[in-house]
Amino acid sequence: MNVPDIKLNDGNTIPQLGFGVYQIKPEDTVESVSKAFEIGYRHIDTAEMYGNEKEVGEAVRNSGIDRSEIFVTSKLNNGFHRPDDAKKAFDKTLSDLGFDYVDLFLIHWPLPTKYDGDYVSTWKTLESFHQDGLSKSIGVSNFQVAHLERLAKETDTVPTVNQIEVHPYFVNDEVRRYGQEHNIATEAWSPIAQGEVLDDATITQIAEKFGKTPAQVVLRWHVQRGDIIFPKSVTPSRIEENFQIFDFELDAAEVDKITALDKGEDGRTGPNPDVFDYIPD
Ligand code: NAD
């Protein structure tokens, strides 16, 4: 089954469906990512913070698939925003993955209350990774509209993507709309809200109609809204299930019904980027 590509504002493309590896233990990562490749996934979303970049690299090498056919994203860890630290952290990402480039590198969190709120110089450091050809594309994660507006005012490059929390209980349309208006692709993290939305009656009824699972319906909803997704699972049957979402189509009313499940800020499963200030030891 062919996964559609999304064109980024720098001309590169990214598969709309990938495989996320947050909370996959290093010892389980090679097996899970290898399973994902076997099923047909060609896009892996990792991060320095996840502690499994080495194993992602190993799975890529084991797969026998040409490196150029696999899209790998990683993200700058929160303790490394200062330019020299960011450069060192990025070099470590490349050496842990065992790659000479990543396809996409993101600022994981804006941390507006840390580092004097200076995510602008961090972004300029990412621009240098792009100019050096070491990251084919660069982007941000968890940026709110105000953070994106500041980058637009103070820097020359528009992020290719903004990876933010989006699912039926937190549709995050204000930030998504800014992205649509400024050619920044939205990547929806925790697309099934780590399972929290799967018992919702609206979703289970639509799933029954199509003979699909609630997870497939929610992932399909994201795809039809145009967002990029990378659900996570270590269960082979679920990794497979999450890939089988291109053989049915929700109608506009069904898409709207799911969007209407939004609970606003109460629907977040993760932290609010305006106040999140966690720096790992
Ligand atoms: P998710 O919404 O993908 O949910 C994952 C959980 O849902 C799994 O642990 C599993 O328990 C369950 N699940 C998966 N498939 C299922 C299925 N078919 N049926 C029933 N249950 C199923 O949550 P996530 O892992 O938090 O998010 C996905 C990816 O997004 C992550 O792996 C990571 O790559 C990225 N992410 C990024 C950030 C960020 O700050 N940028 C934050 C969180 C996640």
# chains A, B, ... in the order shown; residues from 1 in each chain; ligands from 1
$ residues_near_ligand --ligand "ligand 1" --cutoff "8 Å" --atoms "only C-alpha atoms and all ligand atoms" --output "ChimeraX atom specification"
/A:19-24,44-47,75,108-109,141-142,163-165,167,188-196,198,213-216,229-235,237-239,241-242,270
$ select_by_dssp --residues "region 180-257 of chain A" --states "helix (DSSP H, G or I)" --output "JSON, numbers by chain"
{"A": [180, 181, 193, 194, 195, 201, 202, 203, 204, 205, 206, 207, 208, 209, 210, 214, 215, 216, 217, 218, 219, 220, 221, 222, 223, 224, 225, 236, 237, 238, 239, 240, 241, 252, 253, 254, 255, 256, 257]}
$ write_last_selection --atoms "C-alpha atoms" --output "short mmCIF file (atom, residue, chain, number, x, y, z; two decimals), in the first residue's frame"
data_model
loop_
_atom_site.label_atom_id
_atom_site.label_comp_id
_atom_site.auth_asym_id
_atom_site.auth_seq_id
_atom_site.Cartn_x
_atom_site.Cartn_y
_atom_site.Cartn_z
CA GLN A 180 -1.45 26.07 6.80
CA GLU A 181 -1.24 29.82 6.23
CA ALA A 193 -3.86 10.19 22.45
CA GLN A 194 -1.89 7.13 23.63
CA GLY A 195 -5.11 5.11 23.34
CA ALA A 201 -18.68 6.15 21.16
CA THR A 202 -18.50 8.52 18.17
CA ILE A 203 -15.30 6.84 17.03
CA THR A 204 -16.35 3.25 17.76
CA GLN A 205 -19.61 3.76 15.80
CA ILE A 206 -17.75 5.04 12.74
CA ALA A 207 -15.27 2.16 13.08
CA GLU A 208 -18.12 -0.36 13.09
CA LYS A 209 -19.59 1.11 9.92
CA PHE A 210 -16.32 0.63 8.02
CA PRO A 214 -11.09 2.83 16.28
CA ALA A 215 -7.31 3.41 15.91
CA GLN A 216 -7.59 3.11 12.12
CA VAL A 217 -10.50 5.57 12.03
CA VAL A 218 -8.62 8.15 14.10
CA LEU A 219 -5.44 7.77 12.03
CA ARG A 220 -7.52 8.09 8.86
CA TRP A 221 -9.08 11.30 10.26
CA HIS A 222 -5.57 12.78 10.66
CA VAL A 223 -4.59 11.77 7.13
CA GLN A 224 -7.72 13.39 5.66
CA ARG A 225 -6.97 16.59 7.62
CA PRO A 236 3.36 -6.37 15.67
CA SER A 237 -0.38 -6.72 14.93
CA ARG A 238 -0.95 -3.06 15.89
CA ILE A 239 2.05 -1.84 13.90
CA GLU A 240 0.39 -3.59 10.94
CA GLU A 241 -3.12 -2.33 11.79
CA ALA A 252 -16.96 15.16 5.48
CA ALA A 253 -19.64 14.74 8.17
CA GLU A 254 -17.65 11.95 9.83
CA VAL A 255 -14.48 14.05 9.80
CA ASP A 256 -16.43 16.94 11.37
CA LYS A 257 -18.00 14.69 14.02
#
$ residues_around --residues "Pro112 (chain A)" --least-positions-apart "6" --cutoff "8 Å" --atoms "only C-alpha atoms" --output "list in words"
Asp118, Tyr119, Asp274, Val275 and Asp277 of chain A
$ write_last_selection --atoms "N, CA and C atoms" --output "PDB file, in the first residue's frame"
ATOM      1  N   ASP A 118      15.454  32.148  24.474  1.00  0.00           N
ATOM      2  CA  ASP A 118      16.154  32.407  23.210  1.00  0.00           C
ATOM      3  C   ASP A 118      16.159  31.198  22.276  1.00  0.00           C
ATOM      4  N   TYR A 119      14.957  30.764  21.859  1.00  0.00           N
ATOM      5  CA  TYR A 119      14.917  29.674  20.881  1.00  0.00           C
ATOM      6  C   TYR A 119      15.302  30.163  19.488  1.00  0.00           C
ATOM      7  N   ASP A 274       3.877  26.439  26.475  1.00  0.00           N
ATOM      8  CA  ASP A 274       4.149  27.782  27.015  1.00  0.00           C
ATOM      9  C   ASP A 274       4.834  27.727  28.375  1.00  0.00           C
ATOM     10  N   VAL A 275       4.612  26.632  29.106  1.00  0.00           N
ATOM     11  CA  VAL A 275       5.178  26.550  30.459  1.00  0.00           C
ATOM     12  C   VAL A 275       6.114  25.354  30.649  1.00  0.00           C
ATOM     13  N   ASP A 277       9.151  23.210  30.970  1.00  0.00           N
ATOM     14  CA  ASP A 277      10.546  23.643  31.138  1.00  0.00           C
ATOM     15  C   ASP A 277      11.451  22.490  31.568  1.00  0.00           C
TER      16      ASP A 277
END
$ closest_residue --among "A:Ile184, A:Ile228, A:Ile39, A:Leu134" --to "Asp91 (chain A)" --atoms "only C-alpha atoms"
A:Leu134
$ select_by_dssp --residues "region 177-233 of chain A" --states "strand (DSSP E or B)" --output "list in words"
Ala185, Thr186, Glu187, Ala188, Trp189, Ile228 and Ile229 of chain A
$ residues_around --residues "Val60 (chain A)" --least-positions-apart "2" --cutoff "12 Å" --atoms "only C-alpha atoms" --output "PyMOL selection string"
chain A and resi 29-38+41-44+53-58+62-72+97-99
$ write_last_selection --atoms "C-alpha atoms" --output "PDB file, in the first residue's frame"
ATOM      1  CA  THR A  29      13.736  -0.829  19.287  1.00  0.00           C
ATOM      2  CA  VAL A  30      15.597  -2.870  16.653  1.00  0.00           C
ATOM      3  CA  GLU A  31      12.820  -5.478  16.607  1.00  0.00           C
ATOM      4  CA  SER A  32       9.949  -2.950  16.453  1.00  0.00           C
ATOM      5  CA  VAL A  33      11.530  -0.745  13.798  1.00  0.00           C
ATOM      6  CA  SER A  34      12.497  -3.803  11.754  1.00  0.00           C
ATOM      7  CA  LYS A  35       8.874  -4.982  11.930  1.00  0.00           C
ATOM      8  CA  ALA A  36       7.724  -1.550  10.770  1.00  0.00           C
ATOM      9  CA  PHE A  37      10.086  -1.699   7.759  1.00  0.00           C
ATOM     10  CA  GLU A  38       8.842  -5.210   6.910  1.00  0.00           C
ATOM     11  CA  TYR A  41       6.853   2.004   6.863  1.00  0.00           C
ATOM     12  CA  ARG A  42       9.678   4.175   5.524  1.00  0.00           C
ATOM     13  CA  HIS A  43       9.592   7.041   8.039  1.00  0.00           C
ATOM     14  CA  ILE A  44      10.851   6.821  11.642  1.00  0.00           C
ATOM     15  CA  GLU A  53      18.832   6.529  18.229  1.00  0.00           C
ATOM     16  CA  LYS A  54      21.619   3.887  18.132  1.00  0.00           C
ATOM     17  CA  GLU A  55      19.034   1.124  17.771  1.00  0.00           C
ATOM     18  CA  VAL A  56      17.077   3.043  15.117  1.00  0.00           C
ATOM     19  CA  GLY A  57      20.316   3.340  13.106  1.00  0.00           C
ATOM     20  CA  GLU A  58      20.998  -0.343  13.576  1.00  0.00           C
ATOM     21  CA  ASN A  62      19.884  -4.264   9.088  1.00  0.00           C
ATOM     22  CA  SER A  63      16.913  -3.615   6.808  1.00  0.00           C
ATOM     23  CA  GLY A  64      18.913  -3.727   3.604  1.00  0.00           C
ATOM     24  CA  ILE A  65      16.738  -0.860   2.361  1.00  0.00           C
ATOM     25  CA  ASP A  66      18.652   1.965   0.711  1.00  0.00           C
ATOM     26  CA  ARG A  67      19.237   4.805   3.194  1.00  0.00           C
ATOM     27  CA  SER A  68      17.782   7.253   0.656  1.00  0.00           C
ATOM     28  CA  GLU A  69      14.429   5.432   0.793  1.00  0.00           C
ATOM     29  CA  ILE A  70      14.048   5.885   4.547  1.00  0.00           C
ATOM     30  CA  PHE A  71      13.111   9.179   6.207  1.00  0.00           C
ATOM     31  CA  VAL A  72      14.514   9.621   9.724  1.00  0.00           C
ATOM     32  CA  LEU A  97      22.444   6.855  14.314  1.00  0.00           C
ATOM     33  CA  GLY A  98      25.597   6.056  12.324  1.00  0.00           C
ATOM     34  CA  PHE A  99      24.412   8.359   9.505  1.00  0.00           C
TER      35      PHE A  99
END
